[in-house]
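Peer 1: This is start.csv (CSV, C-alpha atoms and all ligand atoms).
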chain,number,residue,atom,x,y,z
A,1,MET,CA,-0.4,16.2,28.0
A,2,ALA,CA,3.1,14.9,27.3
A,3,GLY,CA,5.1,13.2,30.0
A,4,GLY,CA,6.9,15.1,32.8
A,5,LYS,CA,10.2,16.8,32.0
A,6,SER,CA,12.3,14.2,33.8
A,7,ASN,CA,11.1,11.5,31.4
A,8,GLN,CA,10.9,13.7,28.3
A,9,ALA,CA,13.8,13.7,25.9
A,10,LYS,CA,14.3,17.1,24.3
A,11,PRO,CA,12.1,17.2,21.2
A,12,ALA,CA,14.4,19.4,19.2
A,13,GLU,CA,17.4,17.1,19.9
A,14,ILE,CA,15.4,14.0,19.0
A,15,TYR,CA,14.4,15.6,15.8
A,16,ARG,CA,17.9,16.8,15.0
A,17,ARG,CA,19.5,13.3,15.6
A,18,LEU,CA,16.9,11.4,13.7
A,19,ARG,CA,17.1,13.9,10.8
A,20,ARG,CA,20.8,13.3,10.6
A,21,ALA,CA,20.4,9.5,10.9
A,22,TYR,CA,17.7,9.3,8.2
A,23,PRO,CA,18.3,11.9,5.6
A,24,ASP,CA,16.3,9.8,3.2
A,25,ALA,CA,13.2,9.6,5.4
A,26,ALA,CA,10.0,9.9,3.3
A,27,CYS,CA,6.7,8.4,2.6
A,28,ALA,CA,7.3,4.7,1.7
A,29,LEU,CA,4.0,4.3,-0.2
A,30,HIS,CA,4.5,4.6,-3.9
A,31,HIS,CA,2.1,7.1,-5.5
A,32,ARG,CA,1.9,9.4,-8.5
A,33,ASN,CA,-0.9,11.7,-7.3
A,34,PRO,CA,-3.0,12.5,-4.2
A,35,PHE,CA,-5.7,9.9,-5.0
A,36,GLU,CA,-3.2,7.1,-5.3
A,37,LEU,CA,-1.7,8.1,-2.0
A,38,LEU,CA,-5.2,8.2,-0.4
A,39,ALA,CA,-5.9,4.7,-1.8
A,40,ALA,CA,-2.5,3.3,-0.8
A,41,THR,CA,-2.8,4.7,2.7
A,42,ILE,CA,-6.2,3.0,3.1
A,43,LEU,CA,-4.6,-0.3,1.9
A,44,SER,CA,-1.6,0.1,4.3
A,45,ALA,CA,-3.7,-0.5,7.4
A,46,GLN,CA,-2.5,-3.7,9.1
A,47,CYS,CA,-0.3,-4.3,6.1
A,48,THR,CA,3.3,-3.5,5.2
A,49,ASP,CA,4.1,-0.7,2.8
A,50,VAL,CA,6.1,-3.2,0.8
A,51,ARG,CA,3.0,-5.4,0.2
A,52,VAL,CA,0.9,-2.3,-0.7
A,53,ASN,CA,3.5,-1.3,-3.2
A,54,LEU,CA,3.3,-4.7,-4.8
A,55,VAL,CA,-0.5,-4.4,-5.2
A,56,THR,CA,-1.0,-0.8,-6.2
A,57,PRO,CA,0.6,-0.8,-9.7
A,58,GLY,CA,-1.9,-3.4,-11.0
A,59,LEU,CA,-4.7,-1.9,-9.0
A,60,PHE,CA,-4.2,1.6,-10.5
A,61,ALA,CA,-3.7,0.2,-14.0
A,62,ARG,CA,-7.2,-1.3,-13.7
A,63,TYR,CA,-8.8,1.6,-11.7
A,64,PRO,CA,-6.8,4.7,-12.6
A,65,GLY,CA,-8.8,7.2,-10.4
A,66,PRO,CA,-11.9,7.9,-8.3
A,67,ARG,CA,-14.3,7.6,-11.2
A,68,GLU,CA,-13.2,4.1,-12.0
A,69,PHE,CA,-13.2,3.1,-8.4
A,70,ALA,CA,-16.7,4.7,-7.9
A,71,GLY,CA,-18.1,2.6,-10.7
A,72,ALA,CA,-16.2,-0.6,-9.8
A,73,ASP,CA,-17.7,-3.9,-8.8
A,74,LEU,CA,-17.0,-4.2,-5.1
A,75,ALA,CA,-16.2,-7.9,-5.3
A,76,ARG,CA,-13.6,-7.3,-8.0
A,77,VAL,CA,-11.9,-4.6,-6.0
A,78,GLU,CA,-11.9,-7.0,-3.0
A,79,GLN,CA,-10.1,-9.6,-5.0
A,80,ALA,CA,-7.6,-7.1,-6.4
A,81,ILE,CA,-6.5,-6.0,-2.9
A,82,ARG,CA,-7.1,-9.3,-1.1
A,83,SER,CA,-3.4,-9.9,-0.2
A,84,THR,CA,-3.3,-6.7,1.9
A,85,GLY,CA,-5.6,-8.2,4.4
A,86,PHE,CA,-8.9,-6.8,5.8
A,87,TYR,CA,-9.8,-6.5,2.1
A,88,ARG,CA,-13.6,-6.2,2.5
A,89,ASN,CA,-13.4,-3.1,4.7
A,90,LYS,CA,-10.6,-1.6,2.6
A,91,ALA,CA,-12.5,-2.1,-0.6
A,92,LYS,CA,-15.6,-0.7,0.9
A,93,ALA,CA,-13.7,2.4,2.1
A,94,MET,CA,-12.0,2.9,-1.3
A,95,VAL,CA,-15.1,2.6,-3.3
A,96,GLY,CA,-17.2,4.6,-0.8
A,97,ALA,CA,-14.6,7.4,-0.7
A,98,SER,CA,-14.3,7.4,-4.5
A,99,LYS,CA,-18.1,7.9,-4.8
A,100,LEU,CA,-18.0,10.8,-2.5
A,101,LEU,CA,-15.0,12.3,-4.3
A,102,VAL,CA,-16.9,12.1,-7.6
A,103,GLU,CA,-20.2,13.3,-6.3
A,104,THR,CA,-19.0,16.1,-4.1
A,105,PHE,CA,-15.4,17.0,-4.9
A,106,ALA,CA,-15.3,16.9,-8.7
A,107,ALA,CA,-13.3,13.7,-8.5
A,108,GLN,CA,-10.4,15.6,-6.8
A,109,VAL,CA,-8.9,14.8,-3.4
A,110,PRO,CA,-9.8,17.7,-1.2
A,111,GLN,CA,-7.0,19.6,0.6
A,112,THR,CA,-8.5,20.3,4.0
A,113,MET,CA,-8.7,18.1,7.0
A,114,ASP,CA,-12.5,18.7,7.4
A,115,GLU,CA,-13.2,17.7,3.9
A,116,LEU,CA,-11.0,14.6,4.0
A,117,LEU,CA,-12.7,13.5,7.2
A,118,GLN,CA,-16.0,13.4,5.3
A,119,LEU,CA,-14.7,10.5,3.2
A,120,PRO,CA,-15.9,7.1,4.3
A,121,GLY,CA,-13.0,5.2,5.9
A,122,VAL,CA,-10.8,8.2,6.4
A,123,ALA,CA,-9.8,9.4,9.9
A,124,ARG,CA,-7.1,11.8,11.0
A,125,LYS,CA,-4.2,9.5,10.3
A,126,THR,CA,-5.0,8.9,6.7
A,127,ALA,CA,-5.9,12.6,6.2
A,128,ASN,CA,-2.6,13.6,7.7
A,129,VAL,CA,-0.7,11.3,5.4
A,130,VAL,CA,-2.4,12.8,2.3
A,131,LEU,CA,-2.2,16.4,3.4
A,132,GLY,CA,1.4,16.2,4.4
A,133,ASN,CA,2.8,14.1,1.6
A,134,ALA,CA,0.6,14.9,-1.4
A,135,PHE,CA,-0.1,18.6,-0.6
A,136,GLY,CA,2.8,19.6,1.6
A,137,LYS,CA,0.4,20.7,4.4
A,138,ASN,CA,1.3,20.2,8.0
A,139,GLU,CA,-2.1,19.8,9.6
A,140,GLY,CA,-1.2,17.2,12.1
A,141,VAL,CA,1.2,14.3,12.9
A,142,VAL,CA,0.6,10.8,11.5
A,143,VAL,CA,0.3,8.5,14.5
A,144,ASP,CA,0.8,4.9,13.4
A,145,THR,CA,2.0,2.0,15.6
A,146,HIS,CA,5.6,3.1,15.3
A,147,VAL,CA,4.9,6.8,16.2
A,148,ALA,CA,2.8,5.7,19.1
A,149,ARG,CA,5.3,3.3,20.5
A,150,LEU,CA,8.3,5.7,20.2
A,151,SER,CA,6.3,8.6,21.6
A,152,GLY,CA,5.8,6.5,24.7
A,153,ARG,CA,9.3,5.2,25.0
A,154,LEU,CA,10.8,8.7,24.4
A,155,GLY,CA,8.5,10.3,27.0
A,156,LEU,CA,6.8,12.5,24.4
A,157,SER,CA,3.3,11.3,25.3
A,158,ARG,CA,1.7,9.3,28.1
A,159,GLN,CA,-1.4,8.7,26.0
A,160,SER,CA,-2.5,5.6,24.2
A,161,ASP,CA,-5.2,7.1,22.1
A,162,PRO,CA,-3.6,8.2,18.7
A,163,VAL,CA,-5.5,11.5,18.6
A,164,LYS,CA,-4.2,12.4,22.0
A,165,ILE,CA,-0.7,11.3,21.1
A,166,GLU,CA,-0.9,13.5,18.0
A,167,ARG,CA,-2.0,16.4,20.2
A,168,ASP,CA,1.0,16.0,22.4
A,169,LEU,CA,3.4,15.8,19.5
A,170,MET,CA,1.9,18.9,17.9
A,171,ALA,CA,2.5,20.8,21.1
A,172,LEU,CA,6.2,19.7,21.3
A,173,PHE,CA,7.4,20.1,17.7
A,174,PRO,CA,7.2,23.0,15.3
A,175,ARG,CA,4.5,22.8,12.7
A,176,GLU,CA,6.8,22.8,9.8
A,177,ASP,CA,8.3,19.5,11.1
A,178,TRP,CA,5.2,17.5,11.7
A,179,THR,CA,5.1,15.5,8.4
A,180,MET,CA,8.9,14.8,8.6
A,181,LEU,CA,8.6,13.9,12.3
A,182,ALA,CA,6.3,11.0,11.5
A,183,HIS,CA,8.6,9.8,8.8
A,184,LEU,CA,11.6,9.9,11.1
A,185,LEU,CA,9.8,8.1,13.9
A,186,ILE,CA,8.5,5.4,11.5
A,187,PHE,CA,12.0,4.9,10.0
A,188,HIS,CA,13.5,4.7,13.5
A,189,GLY,CA,10.8,2.3,14.7
A,190,ARG,CA,11.3,0.0,11.8
A,191,ARG,CA,15.1,0.0,11.8
A,192,VAL,CA,16.1,0.4,15.4
A,193,CYS,CA,13.4,0.9,18.0
A,194,ALA,CA,11.5,-2.3,17.2
A,195,ALA,CA,8.4,-3.3,19.2
A,196,ARG,CA,9.9,-6.4,20.8
A,197,ARG,CA,13.6,-5.8,20.8
A,198,PRO,CA,14.7,-2.2,20.6
A,199,ALA,CA,18.4,-2.0,19.7
A,200,CYS,CA,19.1,0.6,22.4
A,201,ASP,CA,22.9,0.0,22.4
A,202,GLY,CA,23.4,1.4,18.9
A,203,CYS,CA,20.6,3.9,19.0
A,204,VAL,CA,21.3,7.5,18.2
A,205,LEU,CA,18.8,8.6,20.8
A,206,SER,CA,20.2,6.3,23.5
A,207,GLY,CA,21.7,9.1,25.6
A,208,ILE,CA,18.6,11.2,25.8
A,209,CYS,CA,15.9,8.5,25.7
A,210,PRO,CA,14.3,7.6,29.0
A,211,LYS,CA,13.3,4.2,27.5
A,212,ILE,CA,9.9,4.2,29.1
A,213,GLY,CA,8.5,0.7,29.0
A,214,VAL,CA,11.8,-0.8,27.9
A,215,ALA,CA,13.6,-3.3,30.2
A,216,GLY,CA,16.1,-1.3,32.1
A,217,GLY,CA,14.5,2.0,31.1
A,218,ALA,CA,13.1,4.8,33.2
A,219,GLY,CA,9.5,4.1,33.5
A,220,LYS,CA,6.7,1.6,33.4
A,221,PRO,CA,5.4,0.2,30.2
A,222,GLY,CA,2.5,2.3,28.9
A,223,SER,CA,-0.4,0.8,27.1
A,224,ARG,CA,-0.2,1.4,23.4
A,225,ARG,CA,-3.4,-0.6,22.7
A,226,GLY,CA,-5.3,2.4,21.5
A,227,ALA,CA,-2.6,3.3,18.9
A,228,ALA,CA,-3.4,2.8,15.3
A,229,PRO,CA,-1.5,-0.1,13.8
A,230,GLY,CA,-0.1,-0.3,10.3
A,231,GLY,CA,2.5,1.4,8.2
A,232,ALA,CA,2.2,4.9,6.8
A,233,GLY,CA,-1.5,4.3,6.7
A,234,GLY,CA,-2.6,2.1,9.6
A,235,GLY,CA,-5.9,2.1,11.4
A,236,LYS,CA,-8.1,-0.7,12.4
A,237,PRO,CA,-9.5,-2.1,9.2
A,238,GLY,CA,-10.9,-5.1,10.9
A,239,ARG,CA,-13.5,-2.9,12.4
A,240,PRO,CA,-16.1,-0.9,10.4
A,241,HIS,CA,-14.8,2.6,11.2
A,242,ALA,CA,-12.5,5.2,9.7
A,243,LEU,CA,-8.8,4.6,9.1
B,1,LIG,S1,17.2,4.2,23.2
B,1,LIG,FE1,16.0,2.3,22.9
B,1,LIG,S2,13.9,2.8,23.5
B,1,LIG,FE2,15.0,4.7,23.1
B,1,LIG,S3,14.6,5.3,21.0
B,1,LIG,FE3,16.5,4.1,21.0
B,1,LIG,S4,16.0,2.0,20.6
B,1,LIG,FE4,14.1,3.1,21.3
Let me see whether you can do it: turn the structure in this file into structure tokens.
Ligand code: SF4
Peer 2:
Amino acid sequence: MAGGKSNQAKPAEIYRRLRRAYPDAACALHHRNPFELLAATILSAQCTDVRVNLVTPGLFARYPGPREFAGADLARVEQAIRSTGFYRNKAKAMVGASKLLVETFAAQVPQTMDELLQLPGVARKTANVVLGNAFGKNEGVVVDTHVARLSGRLGLSRQSDPVKIERDLMALFPREDWTMLAHLLIFHGRRVCAARRPACDGCVLSGICPKIGVAGGAGKPGSRRGAAPGGAGGGKPGRPHAL
């Protein structure tokens, strides 16, 4: 459940203000097709989108699609993505997911949550990025470190687990806004509501934000430890589970 009403800024007003503040909010990962977005999202775990965007042009020139990744030498893929960090797990996820795409999905990225979750290394967050941004499908809300942090500060969720935060956000915002909502919260988290020093004074949400966990705010700091770190992708690539 989301936080109590006293600590919960009005979701519609939050959305309205952020939409006005960031008319250009969009997925920051460069991609030309659903597979490139899937791969870039896997790479974005614990890594900046800027860094991922530096790596992917060369990577996709060498491995243009799932067939090439499926047949790739794992060590070569590791070296190609090394600068994004946690490269062993990421390479394993990309090659493993590509093999399943080729074997089961005719080398196409599937367009349903259930099918995407079958891919090695893919959990709800990555699936939501792909469904929302490559296929225009609002199946859920991407919860990365920014979305998790802002959801707590704004009183939209008391949860620390990304899946539970996502559930709270889905209950508070209209379905058609879910993909854009994540973009807006990520933009705001990067530009204004930073983890260590949120710039509350100049924030467009200042008047309606309970600032939970922020010095001088309305509530106690909530633990965000369960939240998935990273950019538009995120996840916990240091551990051998889905992103
Ligand atoms: S008022 Fe402060 S805590 Fe609230 S969203 Fe703005 S920067 Fe973040």
Peer 1: For A:Leu116, find every residue with an atom within 12 Å (counting only C-alpha atoms), except residues of its own chain fewer than 4 positions away, and show them as a PyMOL selection string.
Peer 2: chain A and resi 34-35+38+97-98+100-101+104-105+108-112+120-131+139+242-243
Peer 1: Work out how far apart atom CA of A:Gly189 and atom CA of A:Val147 are and give it in Å to one decimal.
Peer 2: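 Rounded to one decimal, the two atoms are 7.6 Å apart.
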Peer 1: Just the residues within 9 Å of A:Leu169, please, counting all atoms listed in the file, with nothing from its chain fewer than 3 positions along; format it as an mmCIF file with C-alpha atoms, keeping the file's coordinate frame.
Peer 2:
data_model
loop_
_atom_site.group_PDB
_atom_site.id
_atom_site.type_symbol
_atom_site.label_atom_id
_atom_site.label_comp_id
_atom_site.auth_asym_id
_atom_site.auth_seq_id
_atom_site.Cartn_x
_atom_site.Cartn_y
_atom_site.Cartn_z
ATOM 1 C CA ALA A 2 3.100 14.900 27.300
ATOM 2 C CA PRO A 11 12.100 17.200 21.200
ATOM 3 C CA GLY A 140 -1.200 17.200 12.100
ATOM 4 C CA VAL A 141 1.200 14.300 12.900
ATOM 5 C CA SER A 151 6.300 8.600 21.600
ATOM 6 C CA LEU A 156 6.800 12.500 24.400
ATOM 7 C CA SER A 157 3.300 11.300 25.300
ATOM 8 C CA LYS A 164 -4.200 12.400 22.000
ATOM 9 C CA ILE A 165 -0.700 11.300 21.100
ATOM 10 C CA GLU A 166 -0.900 13.500 18.000
ATOM 11 C CA LEU A 172 6.200 19.700 21.300
ATOM 12 C CA PHE A 173 7.400 20.100 17.700
ATOM 13 C CA TRP A 178 5.200 17.500 11.700
#
Peer 1: Kindly provide the residues of chain A that approach ligand LIG 1 (chain B) to within 12 Å, each paired with its closest atom pair and their distance in Å to one decimal, based on all atoms listed in the file, listed by chain and increasing number, as a Markdown table.
Peer 2:
| residue | atom | partner | partner_atom | distance |
| --- | --- | --- | --- | --- |
| A:Asn7 | CA | B:LIG1 | FE2 | 11.4 |
| A:Gln8 | CA | B:LIG1 | FE2 | 11.2 |
| A:Ala9 | CA | B:LIG1 | FE2 | 9.5 |
| A:Ile14 | CA | B:LIG1 | S3 | 9.0 |
| A:Tyr15 | CA | B:LIG1 | S3 | 11.5 |
| A:Arg17 | CA | B:LIG1 | S3 | 10.8 |
| A:Leu18 | CA | B:LIG1 | S3 | 9.8 |
| A:His146 | CA | B:LIG1 | FE4 | 10.4 |
| A:Val147 | CA | B:LIG1 | S3 | 10.9 |
| A:Ala148 | CA | B:LIG1 | FE4 | 11.8 |
| A:Arg149 | CA | B:LIG1 | FE4 | 8.8 |
| A:Leu150 | CA | B:LIG1 | S3 | 6.4 |
| A:Ser151 | CA | B:LIG1 | S3 | 9.0 |
| A:Gly152 | CA | B:LIG1 | S2 | 9.0 |
| A:Arg153 | CA | B:LIG1 | S2 | 5.4 |
| A:Leu154 | CA | B:LIG1 | FE2 | 5.9 |
| A:Gly155 | CA | B:LIG1 | FE2 | 9.4 |
| A:Leu156 | CA | B:LIG1 | S3 | 11.1 |
| A:Leu184 | CA | B:LIG1 | S3 | 11.3 |
| A:Leu185 | CA | B:LIG1 | S3 | 9.0 |
| A:Ile186 | CA | B:LIG1 | S3 | 11.3 |
| A:Phe187 | CA | B:LIG1 | S3 | 11.3 |
| A:His188 | CA | B:LIG1 | S3 | 7.6 |
| A:Gly189 | CA | B:LIG1 | FE4 | 7.4 |
| A:Arg190 | CA | B:LIG1 | S4 | 10.2 |
| A:Arg191 | CA | B:LIG1 | S4 | 9.1 |
| A:Val192 | CA | B:LIG1 | S4 | 5.4 |
| A:Cys193 | CA | B:LIG1 | S4 | 3.8 |
| A:Ala194 | CA | B:LIG1 | S4 | 7.1 |
| A:Ala195 | CA | B:LIG1 | FE4 | 8.8 |
| A:Arg196 | CA | B:LIG1 | S4 | 10.4 |
| A:Arg197 | CA | B:LIG1 | S4 | 8.2 |
| A:Pro198 | CA | B:LIG1 | S4 | 4.4 |
| A:Ala199 | CA | B:LIG1 | S4 | 4.8 |
| A:Cys200 | CA | B:LIG1 | FE1 | 3.6 |
| A:Asp201 | CA | B:LIG1 | S1 | 7.1 |
| A:Gly202 | CA | B:LIG1 | S4 | 7.6 |
| A:Cys203 | CA | B:LIG1 | FE3 | 4.6 |
| A:Val204 | CA | B:LIG1 | FE3 | 6.5 |
| A:Leu205 | CA | B:LIG1 | FE3 | 5.1 |
| A:Ser206 | CA | B:LIG1 | S1 | 3.7 |
| A:Gly207 | CA | B:LIG1 | S1 | 7.1 |
| A:Ile208 | CA | B:LIG1 | S1 | 7.6 |
| A:Cys209 | CA | B:LIG1 | FE2 | 4.7 |
| A:Pro210 | CA | B:LIG1 | FE2 | 6.6 |
| A:Lys211 | CA | B:LIG1 | S2 | 4.3 |
| A:Ile212 | CA | B:LIG1 | S2 | 7.0 |
| A:Gly213 | CA | B:LIG1 | S2 | 8.0 |
| A:Val214 | CA | B:LIG1 | S2 | 6.1 |
| A:Ala215 | CA | B:LIG1 | S2 | 9.1 |
| A:Gly216 | CA | B:LIG1 | S2 | 9.8 |
| A:Gly217 | CA | B:LIG1 | S2 | 7.7 |
| A:Ala218 | CA | B:LIG1 | S2 | 9.9 |
| A:Gly219 | CA | B:LIG1 | S2 | 11.0 |
| A:Pro221 | CA | B:LIG1 | S2 | 11.1 |
Peer 1: Would you kindly return, as a PDB file with C-alpha atoms, in the coordinates of the input, each protein, DNA or RNA residue with an atom no farther than 7 Å from any atom of A:Thr179, considering only C-alpha atoms and excluding same-chain residues fewer than 4 positions away?
Peer 2:
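Saved to selection-v4.pdb:
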ATOM      1  CA  GLY A 132       1.400  16.200   4.400  1.00  0.00           C
ATOM      2  CA  ASN A 138       1.300  20.200   8.000  1.00  0.00           C
ATOM      3  CA  VAL A 141       1.200  14.300  12.900  1.00  0.00           C
ATOM      4  CA  HIS A 183       8.600   9.800   8.800  1.00  0.00           C
TER       5      HIS A 183
END
Peer 1: Using only C-alpha atoms, which of A:Arg76, A:His31, A:Arg19, A:Arg82 sits nearest A:Pro57?
Peer 2: A:His31
Peer 1: One decimal, Å: what's the distance from atom CA of A:Phe135 over to atom CA of A:Met113, could you say?
Peer 2: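 These two atoms are separated by 11.5 Å.
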Peer 1: When you draw a straight line from atom CA of A:Gly85 to atom CA of A:Arg62, how long is it in Å?
Peer 2: 19.4 Å
Peer 1: Give me, as a tab-separated table, the closest atom pair and its distance (Å, one decimal) for every residue of stretch 90-134 of chain A within a cut-off of 7 Å of stretch 68-74 of chain A, counting all atoms listed in the file, rows sorted by chain and rising number.
Peer 2:
residue	atom	partner	partner_atom	distance
A:Ala91	CA	A:Leu74	CA	6.7
A:Val95	CA	A:Ala70	CA	5.3
A:Ser98	CA	A:Ala70	CA	5.0
A:Lys99	CA	A:Ala70	CA	4.7
Peer 1: Nearest residue to A:Gln159 out of A:Ala12, A:Val55, A:Ala26, A:Val143, using all atoms listed in the file?
Peer 2: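 Of all the options, A:Val143 lies closest to A:Gln159.
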Peer 1: With distances taken over only C-alpha atoms, which residue among A:Ala25, A:Gln46, A:Thr145, A:Val102 lies nearest A:Lys90?
Peer 2: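 Nearest to A:Lys90: A:Gln46.
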Peer 1: Counting all atoms listed in the file, which residue out of A:Ala171, A:Ala28, A:Arg16, A:Gln79 sits closest to A:Asn133?
Peer 2: A:Ala28
Peer 1: Counting all atoms listed in the file, which residue out of A:Ala61, A:Ala107, A:Met180, A:Ile42 sits closest to A:Leu29?
Peer 2: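 Residue with the minimum atom-to-atom distance to A:Leu29: A:Ile42.
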Peer 1: When you count only C-alpha atoms, which of these residues is closest to A:Leu181: A:Leu59, A:Leu117, A:Cys27, A:Ile81?
Peer 2: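 Using only C-alpha atoms, A:Leu181 sits closest to A:Cys27.
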